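Let me begin by presenting the structure, written as C-alpha coordinates, before commenting on it.
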Amino acid sequence: MPELPEVETVRRGLAPAMEGAFITRLELNRPDLRFPLPENFASAVEGRRIVSLGRRAKYLLIDLDDDLTVISHLGMSGSFRIEDDTVGEFHHPRSKNAKHDHVVFHLQREAAPRRIIYNDPRRFGFMHLWKRSELDLYPAFAELGPEPTGNALDADYLAGRFSGKNQPLKGALLDQTVVAGLGNIYVCEALWRSHLSPKRAAGSIVTKTGRPKKELALLHTAIREVIADAIAAGGSSLRDHIQTDGSLGYFQHSFSVYDREGKPCRTPGCGGTVARITQAGRSTFYCPACQK
DNA sequence: TTATAAACCTGTCAGC
DNA sequence: TGCTGACAGGTTTATA
(Lines give C-alpha, C1' and ligand atoms only; values in the text may rest on other atoms or scores of the structure.)
Protein backbone atom coordinates (compact mmCIF):
# COMPACT_ATOMS: atom_id res chain seq x y z
CA MET A 1 0.00 0.00 0.00
CA PRO A 2 1.89 2.80 1.32
CA GLU A 3 4.17 5.30 -0.23
CA LEU A 4 5.97 7.94 1.76
CA PRO A 5 2.92 10.14 2.53
CA GLU A 6 0.98 7.17 3.88
CA VAL A 7 3.84 6.05 6.12
CA GLU A 8 4.28 9.60 7.38
CA THR A 9 0.56 9.74 8.15
CA VAL A 10 0.89 6.49 10.10
CA ARG A 11 3.87 7.87 12.00
CA ARG A 12 2.02 11.01 12.98
CA GLY A 13 -0.98 8.99 14.08
CA LEU A 14 1.04 6.57 16.20
CA ALA A 15 3.43 9.05 17.79
CA PRO A 16 1.06 10.45 20.47
CA ALA A 17 0.16 6.95 21.64
CA MET A 18 3.60 5.38 21.43
CA GLU A 19 6.21 7.97 22.32
CA GLY A 20 7.12 7.71 25.97
CA ALA A 21 5.16 4.48 26.48
CA PHE A 22 6.56 1.23 27.87
CA ILE A 23 6.13 -1.99 25.93
CA THR A 24 4.67 -4.35 28.52
CA ARG A 25 4.13 -7.26 26.14
CA LEU A 26 4.68 -8.09 22.48
CA GLU A 27 2.16 -10.48 21.02
CA LEU A 28 3.31 -12.41 17.94
CA ASN A 29 0.55 -14.28 16.18
CA ARG A 30 2.76 -15.90 13.56
CA PRO A 31 6.50 -16.42 13.15
CA ASP A 32 6.91 -14.41 9.97
CA LEU A 33 5.61 -11.73 7.67
CA ARG A 34 7.46 -11.43 4.39
CA PHE A 35 10.59 -12.41 6.33
CA PRO A 36 10.87 -14.17 9.68
CA LEU A 37 10.22 -11.83 12.59
CA PRO A 38 13.40 -11.01 14.56
CA GLU A 39 14.81 -13.69 16.82
CA ASN A 40 13.86 -13.11 20.45
CA PHE A 41 11.73 -10.19 19.25
CA ALA A 42 9.47 -10.17 22.30
CA SER A 43 12.20 -10.45 24.91
CA ALA A 44 14.23 -7.75 23.17
CA VAL A 45 11.48 -5.13 23.30
CA GLU A 46 9.42 -6.02 26.37
CA GLY A 47 10.12 -3.64 29.25
CA ARG A 48 11.66 -1.06 26.94
CA ARG A 49 10.41 2.48 26.62
CA ILE A 50 9.67 3.97 23.20
CA VAL A 51 11.76 7.09 22.81
CA SER A 52 10.47 8.36 19.49
CA LEU A 53 8.89 7.40 16.20
CA GLY A 54 10.75 8.16 12.99
CA ARG A 55 10.54 7.47 9.30
CA ARG A 56 13.01 6.89 6.50
CA ALA A 57 11.50 6.64 3.02
CA LYS A 58 8.67 4.10 3.39
CA TYR A 59 10.09 2.63 6.59
CA LEU A 60 8.66 3.36 10.03
CA LEU A 61 11.25 3.51 12.83
CA ILE A 62 10.33 2.76 16.44
CA ASP A 63 13.25 3.93 18.58
CA LEU A 64 13.64 2.19 21.95
CA ASP A 65 15.54 3.48 24.97
CA ASP A 66 18.45 1.07 24.56
CA ASP A 67 19.82 1.86 21.07
CA LEU A 68 17.54 -0.67 19.38
CA THR A 69 15.18 0.39 16.60
CA VAL A 70 12.25 -1.58 15.28
CA ILE A 71 12.28 -1.11 11.50
CA SER A 72 8.82 -1.68 10.08
CA HIS A 73 7.77 -1.75 6.44
CA LEU A 74 4.09 -1.97 5.58
CA GLY A 75 4.51 -3.65 2.21
CA MET A 76 1.36 -3.32 0.12
CA SER A 77 -1.37 -3.94 2.66
CA GLY A 78 0.03 -3.29 6.13
CA SER A 79 -1.66 -0.96 8.61
CA PHE A 80 -1.46 -0.03 12.27
CA ARG A 81 -4.37 0.75 14.52
CA ILE A 82 -4.61 1.88 18.13
CA GLU A 83 -7.00 0.33 20.62
CA ASP A 84 -7.78 0.75 24.30
CA ASP A 85 -6.17 -2.25 26.00
CA THR A 86 -8.59 -2.31 28.94
CA VAL A 87 -11.45 -3.63 26.85
CA GLY A 88 -11.68 -6.77 24.78
CA GLU A 89 -12.03 -7.11 21.06
CA PHE A 90 -13.12 -3.90 19.49
CA HIS A 91 -13.93 -3.56 15.86
CA HIS A 92 -14.02 -0.26 14.13
CA PRO A 93 -16.55 -0.22 11.32
CA ARG A 94 -13.69 -0.23 8.85
CA SER A 95 -11.51 -2.48 10.92
CA LYS A 96 -9.52 -5.26 9.39
CA ASN A 97 -10.07 -8.96 9.55
CA ALA A 98 -8.56 -9.95 12.90
CA LYS A 99 -6.98 -13.04 11.41
CA HIS A 100 -4.41 -10.73 9.86
CA ASP A 101 -3.51 -9.06 13.17
CA HIS A 102 0.04 -10.40 13.18
CA VAL A 103 1.88 -8.28 15.75
CA VAL A 104 0.44 -6.48 18.78
CA PHE A 105 2.39 -4.04 20.95
CA HIS A 106 0.81 -3.80 24.41
CA LEU A 107 1.74 -0.43 25.88
CA GLN A 108 1.54 1.21 29.27
CA ARG A 109 1.76 4.95 29.55
CA GLU A 110 0.46 6.91 32.48
CA ALA A 111 -2.96 5.47 33.25
CA ALA A 112 -4.08 4.26 29.87
CA PRO A 113 -2.98 0.89 28.55
CA ARG A 114 -3.11 0.73 24.78
CA ARG A 115 -2.42 -1.82 22.15
CA ILE A 116 -0.93 -1.06 18.76
CA ILE A 117 -1.97 -3.67 16.24
CA TYR A 118 -0.16 -4.44 13.00
CA ASN A 119 -2.49 -5.98 10.42
CA ASP A 120 -1.27 -7.12 7.00
CA PRO A 121 -3.37 -9.43 4.81
CA ARG A 122 -0.80 -9.92 2.06
CA ARG A 123 2.17 -10.08 4.42
CA PHE A 124 4.48 -8.16 2.10
CA GLY A 125 5.45 -6.09 5.12
CA PHE A 126 8.21 -6.97 7.56
CA MET A 127 9.83 -5.98 10.84
CA HIS A 128 13.48 -5.99 11.72
CA LEU A 129 15.45 -5.06 14.84
CA TRP A 130 18.58 -3.01 14.29
CA LYS A 131 21.06 -1.05 16.36
CA ARG A 132 20.17 2.61 16.02
CA SER A 133 23.81 3.67 16.07
CA GLU A 134 24.37 1.46 13.01
CA LEU A 135 21.20 2.27 11.13
CA ASP A 136 23.15 3.42 8.09
CA LEU A 137 24.39 -0.15 7.75
CA TYR A 138 20.89 -1.58 7.46
CA PRO A 139 20.99 -3.05 3.93
CA ALA A 140 17.93 -1.25 2.60
CA PHE A 141 19.17 2.10 3.92
CA ALA A 142 22.72 1.85 2.66
CA GLU A 143 21.75 2.49 -0.97
CA LEU A 144 18.69 4.66 -0.37
CA GLY A 145 18.43 7.97 -2.22
CA PRO A 146 17.49 11.30 -0.61
CA GLU A 147 14.06 12.06 0.81
CA PRO A 148 11.87 13.86 -1.75
CA THR A 149 11.06 16.67 0.67
CA GLY A 150 14.60 17.23 1.91
CA ASN A 151 17.24 19.64 0.71
CA ALA A 152 19.48 16.85 -0.57
CA LEU A 153 17.10 16.33 -3.47
CA ASP A 154 17.53 19.07 -6.02
CA ALA A 155 17.61 19.41 -9.77
CA ASP A 156 21.40 19.11 -9.92
CA TYR A 157 21.34 15.83 -8.02
CA LEU A 158 18.65 14.43 -10.31
CA ALA A 159 20.61 15.56 -13.36
CA GLY A 160 23.59 13.59 -12.10
CA ARG A 161 21.49 10.49 -11.64
CA PHE A 162 19.63 10.80 -14.96
CA SER A 163 22.50 11.86 -17.20
CA GLY A 164 23.05 9.39 -20.02
CA LYS A 165 20.21 7.13 -18.95
CA ASN A 166 17.84 5.60 -21.49
CA GLN A 167 15.57 4.25 -18.78
CA PRO A 168 12.06 5.76 -18.91
CA LEU A 169 11.36 8.45 -16.32
CA LYS A 170 8.70 6.28 -14.71
CA GLY A 171 11.18 3.56 -13.81
CA ALA A 172 13.95 5.98 -12.89
CA LEU A 173 11.72 7.71 -10.33
CA LEU A 174 10.50 4.44 -8.85
CA ASP A 175 14.13 3.48 -8.18
CA GLN A 176 14.51 3.96 -4.42
CA THR A 177 18.24 4.61 -4.80
CA VAL A 178 17.41 7.70 -6.90
CA VAL A 179 14.63 9.14 -4.72
CA ALA A 180 13.51 7.40 -1.54
CA GLY A 181 9.82 6.97 -0.90
CA LEU A 182 8.16 7.56 -4.25
CA GLY A 183 5.82 4.80 -5.43
CA ASN A 184 3.53 4.14 -8.34
CA ILE A 185 0.87 6.72 -7.49
CA TYR A 186 3.06 9.71 -6.77
CA VAL A 187 5.43 9.09 -9.66
CA CYS A 188 2.43 9.19 -12.03
CA GLU A 189 1.12 12.33 -10.36
CA ALA A 190 4.48 14.12 -10.33
CA LEU A 191 5.04 13.39 -14.04
CA TRP A 192 1.57 14.70 -14.86
CA ARG A 193 2.19 17.88 -12.86
CA SER A 194 5.39 18.51 -14.77
CA HIS A 195 3.85 17.62 -18.17
CA LEU A 196 6.50 14.96 -18.80
CA SER A 197 5.76 11.65 -20.46
CA PRO A 198 6.51 8.60 -18.32
CA LYS A 199 8.06 7.04 -21.43
CA ARG A 200 10.59 9.82 -21.85
CA ALA A 201 14.20 8.76 -21.36
CA ALA A 202 15.53 10.04 -18.04
CA GLY A 203 18.65 11.35 -19.77
CA SER A 204 16.56 13.50 -22.14
CA ILE A 205 15.86 16.13 -19.49
CA VAL A 206 19.57 16.66 -18.84
CA THR A 207 21.82 18.82 -21.04
CA LYS A 208 24.89 17.43 -22.79
CA THR A 209 27.04 18.98 -20.10
CA GLY A 210 25.08 17.22 -17.38
CA ARG A 211 23.05 20.23 -16.26
CA PRO A 212 19.31 20.01 -15.49
CA LYS A 213 17.05 21.22 -18.27
CA LYS A 214 14.10 23.42 -17.32
CA GLU A 215 11.88 20.34 -17.51
CA LEU A 216 13.91 18.65 -14.82
CA ALA A 217 13.56 21.65 -12.54
CA LEU A 218 9.79 21.48 -13.04
CA LEU A 219 9.83 17.76 -12.24
CA HIS A 220 11.76 18.38 -9.04
CA THR A 221 9.22 20.99 -7.94
CA ALA A 222 6.34 18.67 -8.83
CA ILE A 223 7.78 15.84 -6.73
CA ARG A 224 8.12 18.05 -3.68
CA GLU A 225 4.66 19.51 -4.06
CA VAL A 226 2.77 16.29 -4.69
CA ILE A 227 4.35 14.66 -1.63
CA ALA A 228 3.65 17.68 0.55
CA ASP A 229 0.04 17.87 -0.67
CA ALA A 230 -0.52 14.16 -0.02
CA ILE A 231 0.89 14.33 3.51
CA ALA A 232 -1.34 17.30 4.24
CA ALA A 233 -4.34 15.23 3.10
CA GLY A 234 -3.46 12.24 5.28
CA GLY A 235 -2.26 10.10 2.39
CA SER A 236 -4.33 8.18 -0.13
CA SER A 237 -6.83 5.48 0.81
CA LEU A 238 -7.40 3.03 -2.00
CA ARG A 239 -8.00 -0.44 -0.64
CA ASP A 240 -5.92 -0.90 2.45
CA HIS A 241 -4.56 2.34 3.77
CA ILE A 242 -6.40 3.64 6.79
CA GLN A 243 -5.10 6.00 9.41
CA THR A 244 -4.31 4.69 12.86
CA ASP A 245 -7.73 5.73 14.16
CA GLY A 246 -9.49 3.92 11.32
CA SER A 247 -10.22 7.06 9.32
CA LEU A 248 -9.32 7.40 5.66
CA GLY A 249 -6.78 9.59 3.92
CA TYR A 250 -8.18 12.03 1.40
CA PHE A 251 -5.55 12.49 -1.26
CA GLN A 252 -7.14 9.91 -3.58
CA HIS A 253 -9.79 12.54 -4.30
CA SER A 254 -7.01 14.74 -5.64
CA PHE A 255 -5.54 12.26 -8.11
CA SER A 256 -5.07 13.87 -11.48
CA VAL A 257 -4.16 10.76 -13.46
CA TYR A 258 -3.76 7.75 -11.16
CA ASP A 259 -6.64 5.29 -11.59
CA ARG A 260 -8.40 7.72 -13.98
CA GLU A 261 -8.06 5.78 -17.24
CA GLY A 262 -10.48 7.06 -19.89
CA LYS A 263 -11.35 10.19 -17.92
CA PRO A 264 -10.65 13.73 -19.08
CA CYS A 265 -7.22 15.19 -18.36
CA ARG A 266 -7.38 17.83 -15.67
CA THR A 267 -4.79 20.09 -17.24
CA PRO A 268 -6.69 23.31 -18.04
CA GLY A 269 -7.43 23.54 -21.76
CA CYS A 270 -5.82 20.18 -22.54
CA GLY A 271 -8.86 18.21 -23.63
CA GLY A 272 -6.91 14.95 -23.60
CA THR A 273 -7.92 11.62 -22.09
CA VAL A 274 -6.00 9.77 -19.39
CA ALA A 275 -4.41 6.59 -20.75
CA ARG A 276 -3.10 3.53 -19.00
CA ILE A 277 -0.04 1.62 -20.13
CA THR A 278 2.16 -1.02 -18.52
CA GLN A 279 5.79 -0.23 -17.79
CA ALA A 280 8.06 -2.79 -16.13
CA GLY A 281 4.98 -4.76 -15.19
CA ARG A 282 3.18 -1.92 -13.44
CA SER A 283 0.34 0.35 -14.47
CA THR A 284 1.23 3.85 -15.56
CA PHE A 285 -1.46 6.51 -15.96
CA TYR A 286 -0.75 9.62 -17.98
CA CYS A 287 -2.17 12.06 -20.50
CA PRO A 288 -0.64 11.53 -23.96
CA ALA A 289 -1.91 14.96 -25.01
CA CYS A 290 -0.10 17.15 -22.49
CA GLN A 291 2.70 14.96 -21.17
CA LYS A 292 5.55 15.11 -23.68
C1' DT B 1 25.20 -2.60 -16.52
C1' DT B 2 20.25 -2.64 -17.55
C1' DA B 3 15.62 -4.00 -18.08
C1' DT B 4 11.88 -6.93 -17.73
C1' DA B 5 9.39 -10.77 -15.47
C1' DA B 6 8.30 -13.51 -11.73
C1' DA B 7 7.76 -14.24 -7.00
C1' DC B 8 6.01 -13.31 -2.39
C1' DC B 9 0.19 -13.60 -0.47
C1' DT B 10 -4.57 -12.36 0.08
C1' DG B 11 -8.56 -9.80 -1.17
C1' DT B 12 -11.62 -7.60 -4.38
C1' DC B 13 -13.96 -6.77 -8.44
C1' DA B 14 -15.59 -7.41 -13.28
C1' DG B 15 -17.36 -10.61 -16.35
C1' DC B 16 -19.50 -14.82 -17.60
C1' DT C 1 -24.57 -17.68 -6.70
C1' DG C 2 -20.19 -19.23 -8.09
C1' DC C 3 -16.24 -19.60 -10.84
C1' DT C 4 -12.14 -17.41 -13.29
C1' DG C 5 -8.95 -14.07 -14.31
C1' DA C 6 -7.00 -9.62 -13.70
C1' DC C 7 -5.28 -6.52 -10.68
C1' DA C 8 -3.56 -4.05 -6.33
C1' DG C 9 0.10 1.26 -2.98
C1' DG C 10 6.42 -2.72 -2.73
C1' DT C 11 10.67 -5.05 -2.92
C1' DT C 12 13.79 -8.81 -4.10
C1' DT C 13 15.50 -12.33 -7.02
C1' DA C 14 16.10 -14.56 -11.28
C1' DT C 15 16.51 -14.34 -16.19
C1' DA C 16 17.57 -12.33 -20.61
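In the C-alpha coordinates, each chain is lettered A, B, ... as it comes, each chain's residues begin at 1, and ligands are numbered from 1 in order of appearance.
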
Exercise. Residues of chain C no more than 10 Å from chain A, counting only C-alpha atoms (C1' of nucleotides): send them over as a PyMOL selection string.
Key: chain C and resi 7-11

Practice problem: Using DSSP on the backbone coordinates, identify all residues within region 42-268 of chain A classified as strand (DSSP E or B); present the result as a count of residues only. | Solution: 51

Quiz prompt | Distance filter 8 Å, only C-alpha atoms (C1' of nucleotides), chain B against chain A, as number ranges by chain | solution = B: 3-5, 8-11

Practice problem: Looking only at helix (DSSP H, G or I) from DSSP on the backbone, list the matching residues of region 94-188 of chain A as a PyMOL selection string. | Solution: chain A and resi 98-100+132-137+139-142+155-162+169-174+184-188

Exercise. For Tyr258 (chain A), please output as a PyMOL selection string all residues within 12 Å (counting only C-alpha atoms (C1' of nucleotides); exclusion window: fewer than 2 positions along the same chain).
Key: (chain A and resi 183-193+236+238+251-256+260-263+265-266+274-277+283-287) or (chain C and resi 9)

So that I have them on file, write out the residues from the current selection with N, CA and C atoms (P, O5', C5', C4', C3', O3' and C1' of nucleotides), as a JSON list (two decimals), in the first residue's frame.
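Wrote it out as result_3.json, contents follow:
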```json
[["chain", "number", "residue", "atom", "x", "y", "z"],
["A", 183, "GLY", "N", 6.38, 6.04, -4.93],
["A", 183, "GLY", "CA", 5.82, 4.80, -5.43],
["A", 183, "GLY", "C", 5.00, 5.06, -6.68],
["A", 184, "ASN", "N", 4.22, 4.08, -7.05],
["A", 184, "ASN", "CA", 3.53, 4.14, -8.34],
["A", 184, "ASN", "C", 2.58, 5.34, -8.46],
["A", 185, "ILE", "N", 1.84, 5.62, -7.41],
["A", 185, "ILE", "CA", 0.87, 6.72, -7.49],
["A", 185, "ILE", "C", 1.57, 8.06, -7.69],
["A", 186, "TYR", "N", 2.51, 8.36, -6.79],
["A", 186, "TYR", "CA", 3.06, 9.71, -6.77],
["A", 186, "TYR", "C", 4.03, 9.96, -7.91],
["A", 187, "VAL", "N", 4.63, 8.91, -8.45],
["A", 187, "VAL", "CA", 5.43, 9.09, -9.66],
["A", 187, "VAL", "C", 4.52, 9.50, -10.82],
["A", 188, "CYS", "N", 3.38, 8.81, -10.97],
["A", 188, "CYS", "CA", 2.43, 9.19, -12.03],
["A", 188, "CYS", "C", 1.97, 10.63, -11.85],
["A", 189, "GLU", "N", 1.64, 10.98, -10.62],
["A", 189, "GLU", "CA", 1.12, 12.33, -10.36],
["A", 189, "GLU", "C", 2.18, 13.40, -10.60],
["A", 190, "ALA", "N", 3.42, 13.12, -10.17],
["A", 190, "ALA", "CA", 4.48, 14.12, -10.33],
["A", 190, "ALA", "C", 4.80, 14.33, -11.82],
["A", 191, "LEU", "N", 4.77, 13.24, -12.60],
["A", 191, "LEU", "CA", 5.04, 13.39, -14.04],
["A", 191, "LEU", "C", 3.92, 14.18, -14.71],
["A", 192, "TRP", "N", 2.69, 13.94, -14.28],
["A", 192, "TRP", "CA", 1.57, 14.70, -14.86],
["A", 192, "TRP", "C", 1.72, 16.18, -14.53],
["A", 193, "ARG", "N", 2.06, 16.47, -13.28],
["A", 193, "ARG", "CA", 2.19, 17.88, -12.86],
["A", 193, "ARG", "C", 3.28, 18.60, -13.64],
["A", 236, "SER", "N", -3.30, 8.62, 0.81],
["A", 236, "SER", "CA", -4.33, 8.18, -0.13],
["A", 236, "SER", "C", -4.90, 6.84, 0.35],
["A", 238, "LEU", "N", -6.82, 3.75, -0.87],
["A", 238, "LEU", "CA", -7.40, 3.03, -2.00],
["A", 238, "LEU", "C", -8.13, 1.81, -1.46],
["A", 251, "PHE", "N", -6.22, 12.02, -0.06],
["A", 251, "PHE", "CA", -5.55, 12.49, -1.26],
["A", 251, "PHE", "C", -6.06, 11.80, -2.53],
["A", 252, "GLN", "N", -6.64, 10.60, -2.38],
["A", 252, "GLN", "CA", -7.14, 9.91, -3.58],
["A", 252, "GLN", "C", -8.16, 10.75, -4.33],
["A", 253, "HIS", "N", -8.84, 11.67, -3.62],
["A", 253, "HIS", "CA", -9.79, 12.54, -4.30],
["A", 253, "HIS", "C", -9.08, 13.59, -5.14],
["A", 254, "SER", "N", -7.78, 13.73, -4.91],
["A", 254, "SER", "CA", -7.01, 14.74, -5.64],
["A", 254, "SER", "C", -6.18, 14.15, -6.77],
["A", 255, "PHE", "N", -6.31, 12.85, -7.02],
["A", 255, "PHE", "CA", -5.54, 12.26, -8.11],
["A", 255, "PHE", "C", -5.89, 12.97, -9.43],
["A", 256, "SER", "N", -4.84, 13.27, -10.18],
["A", 256, "SER", "CA", -5.07, 13.87, -11.48],
["A", 256, "SER", "C", -5.05, 12.83, -12.59],
["A", 260, "ARG", "N", -7.38, 6.91, -13.28],
["A", 260, "ARG", "CA", -8.40, 7.72, -13.98],
["A", 260, "ARG", "C", -8.40, 7.40, -15.47],
["A", 261, "GLU", "N", -8.09, 6.17, -15.83],
["A", 261, "GLU", "CA", -8.06, 5.78, -17.24],
["A", 261, "GLU", "C", -9.39, 6.13, -17.93],
["A", 262, "GLY", "N", -9.28, 6.75, -19.11],
["A", 262, "GLY", "CA", -10.48, 7.06, -19.89],
["A", 262, "GLY", "C", -11.17, 8.35, -19.46],
["A", 263, "LYS", "N", -10.72, 8.97, -18.40],
["A", 263, "LYS", "CA", -11.35, 10.19, -17.92],
["A", 263, "LYS", "C", -10.61, 11.41, -18.48],
["A", 265, "CYS", "N", -8.41, 14.62, -19.00],
["A", 265, "CYS", "CA", -7.22, 15.19, -18.36],
["A", 265, "CYS", "C", -7.61, 16.46, -17.63],
["A", 266, "ARG", "N", -7.01, 16.67, -16.47],
["A", 266, "ARG", "CA", -7.38, 17.83, -15.67],
["A", 266, "ARG", "C", -6.48, 19.04, -15.93],
["A", 274, "VAL", "N", -7.01, 10.51, -20.15],
["A", 274, "VAL", "CA", -6.00, 9.77, -19.39],
["A", 274, "VAL", "C", -5.89, 8.34, -19.94],
["A", 275, "ALA", "N", -4.67, 7.94, -20.22],
["A", 275, "ALA", "CA", -4.41, 6.59, -20.75],
["A", 275, "ALA", "C", -3.70, 5.76, -19.70],
["A", 276, "ARG", "N", -3.79, 4.45, -19.90],
["A", 276, "ARG", "CA", -3.10, 3.53, -19.00],
["A", 276, "ARG", "C", -2.22, 2.61, -19.84],
["A", 277, "ILE", "N", -0.97, 2.54, -19.46],
["A", 277, "ILE", "CA", -0.04, 1.62, -20.13],
["A", 277, "ILE", "C", 0.66, 0.80, -19.05],
["A", 283, "SER", "N", 1.20, -0.60, -13.78],
["A", 283, "SER", "CA", 0.34, 0.35, -14.47],
["A", 283, "SER", "C", 0.90, 1.76, -14.39],
["A", 284, "THR", "N", 0.89, 2.42, -15.52],
["A", 284, "THR", "CA", 1.23, 3.85, -15.56],
["A", 284, "THR", "C", 0.03, 4.59, -16.12],
["A", 285, "PHE", "N", -0.37, 5.67, -15.48],
["A", 285, "PHE", "CA", -1.46, 6.51, -15.96],
["A", 285, "PHE", "C", -0.87, 7.85, -16.36],
["A", 286, "TYR", "N", -1.26, 8.33, -17.54],
["A", 286, "TYR", "CA", -0.75, 9.62, -17.98],
["A", 286, "TYR", "C", -1.63, 10.16, -19.10],
["A", 287, "CYS", "N", -1.41, 11.44, -19.41],
["A", 287, "CYS", "CA", -2.17, 12.06, -20.50],
["A", 287, "CYS", "C", -1.26, 12.21, -21.71],
["C", 9, "DG", "P", -0.47, -0.48, -7.91],
["C", 9, "DG", "O5'", 0.32, 0.48, -6.95],
["C", 9, "DG", "C5'", -0.32, 1.35, -6.03],
["C", 9, "DG", "C4'", 0.71, 1.95, -5.10],
["C", 9, "DG", "C3'", 1.77, 1.00, -4.59],
["C", 9, "DG", "O3'", 2.82, 1.77, -4.05],
["C", 9, "DG", "C1'", 0.10, 1.26, -2.98]]
```

Practice problem: Could you give me, as an MDAnalysis selection string, the residues within 12 Å of Glu39 (chain A), counting only C-alpha atoms (C1' of nucleotides) and dropping anything in the same chain fewer than 3 positions from it? | Solution: chainID A and resid 28 31:32 35:36 42:45 127:130

Please produce an output containing N, CA and C atoms for each residue in the selection, written as a PDB file, in the first residue's frame.
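For reference, again08.pdb as written:
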```
ATOM      1  N   LEU A  28       2.979 -11.991  19.302  1.00  0.00           N
ATOM      2  CA  LEU A  28       3.306 -12.410  17.939  1.00  0.00           C
ATOM      3  C   LEU A  28       2.372 -13.547  17.539  1.00  0.00           C
ATOM      4  N   PRO A  31       5.047 -16.571  13.049  1.00  0.00           N
ATOM      5  CA  PRO A  31       6.500 -16.419  13.146  1.00  0.00           C
ATOM      6  C   PRO A  31       7.097 -15.493  12.092  1.00  0.00           C
ATOM      7  N   ASP A  32       6.318 -15.174  11.064  1.00  0.00           N
ATOM      8  CA  ASP A  32       6.910 -14.409   9.968  1.00  0.00           C
ATOM      9  C   ASP A  32       5.885 -13.493   9.319  1.00  0.00           C
ATOM     10  N   PHE A  35       9.387 -11.747   5.807  1.00  0.00           N
ATOM     11  CA  PHE A  35      10.589 -12.408   6.327  1.00  0.00           C
ATOM     12  C   PHE A  35      10.278 -12.866   7.750  1.00  0.00           C
ATOM     13  N   PRO A  36      11.081 -13.783   8.277  1.00  0.00           N
ATOM     14  CA  PRO A  36      10.869 -14.172   9.677  1.00  0.00           C
ATOM     15  C   PRO A  36      10.951 -12.950  10.584  1.00  0.00           C
ATOM     16  N   ALA A  42      10.228 -10.580  21.115  1.00  0.00           N
ATOM     17  CA  ALA A  42       9.467 -10.166  22.300  1.00  0.00           C
ATOM     18  C   ALA A  42      10.395  -9.820  23.465  1.00  0.00           C
ATOM     19  N   SER A  43      11.344 -10.702  23.740  1.00  0.00           N
ATOM     20  CA  SER A  43      12.196 -10.452  24.912  1.00  0.00           C
ATOM     21  C   SER A  43      13.082  -9.228  24.698  1.00  0.00           C
ATOM     22  N   ALA A  44      13.376  -8.915  23.434  1.00  0.00           N
ATOM     23  CA  ALA A  44      14.228  -7.751  23.168  1.00  0.00           C
ATOM     24  C   ALA A  44      13.493  -6.437  23.412  1.00  0.00           C
ATOM     25  N   VAL A  45      12.182  -6.418  23.216  1.00  0.00           N
ATOM     26  CA  VAL A  45      11.477  -5.128  23.305  1.00  0.00           C
ATOM     27  C   VAL A  45      10.622  -4.998  24.564  1.00  0.00           C
ATOM     28  N   MET A 127       9.237  -6.708   9.715  1.00  0.00           N
ATOM     29  CA  MET A 127       9.828  -5.975  10.842  1.00  0.00           C
ATOM     30  C   MET A 127      11.216  -6.526  11.110  1.00  0.00           C
ATOM     31  N   HIS A 128      12.131  -5.612  11.354  1.00  0.00           N
ATOM     32  CA  HIS A 128      13.485  -5.990  11.723  1.00  0.00           C
ATOM     33  C   HIS A 128      13.898  -5.212  12.971  1.00  0.00           C
ATOM     34  N   LEU A 129      14.846  -5.771  13.703  1.00  0.00           N
ATOM     35  CA  LEU A 129      15.448  -5.063  14.836  1.00  0.00           C
ATOM     36  C   LEU A 129      16.861  -4.683  14.419  1.00  0.00           C
ATOM     37  N   TRP A 130      17.250  -3.453  14.708  1.00  0.00           N
ATOM     38  CA  TRP A 130      18.577  -3.014  14.289  1.00  0.00           C
ATOM     39  C   TRP A 130      19.126  -2.014  15.301  1.00  0.00           C
TER      40      TRP A 130
END
```

Practice problem: Fewer than 4 positions away in the same chain doesn't count, so skip those; otherwise give me all residues within 10 Å of Phe22 (chain A), counting only C-alpha atoms (C1' of nucleotides), as a list in words. | Solution: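 Once the adjacent positions are removed, what remains is Met18, Val45, Glu46, Gly47, Arg48, Arg49, Ile50, Val51, Leu64, Asp65, Phe105, His106, Leu107, Gln108, Arg109, Glu110 and Pro113 of chain A.
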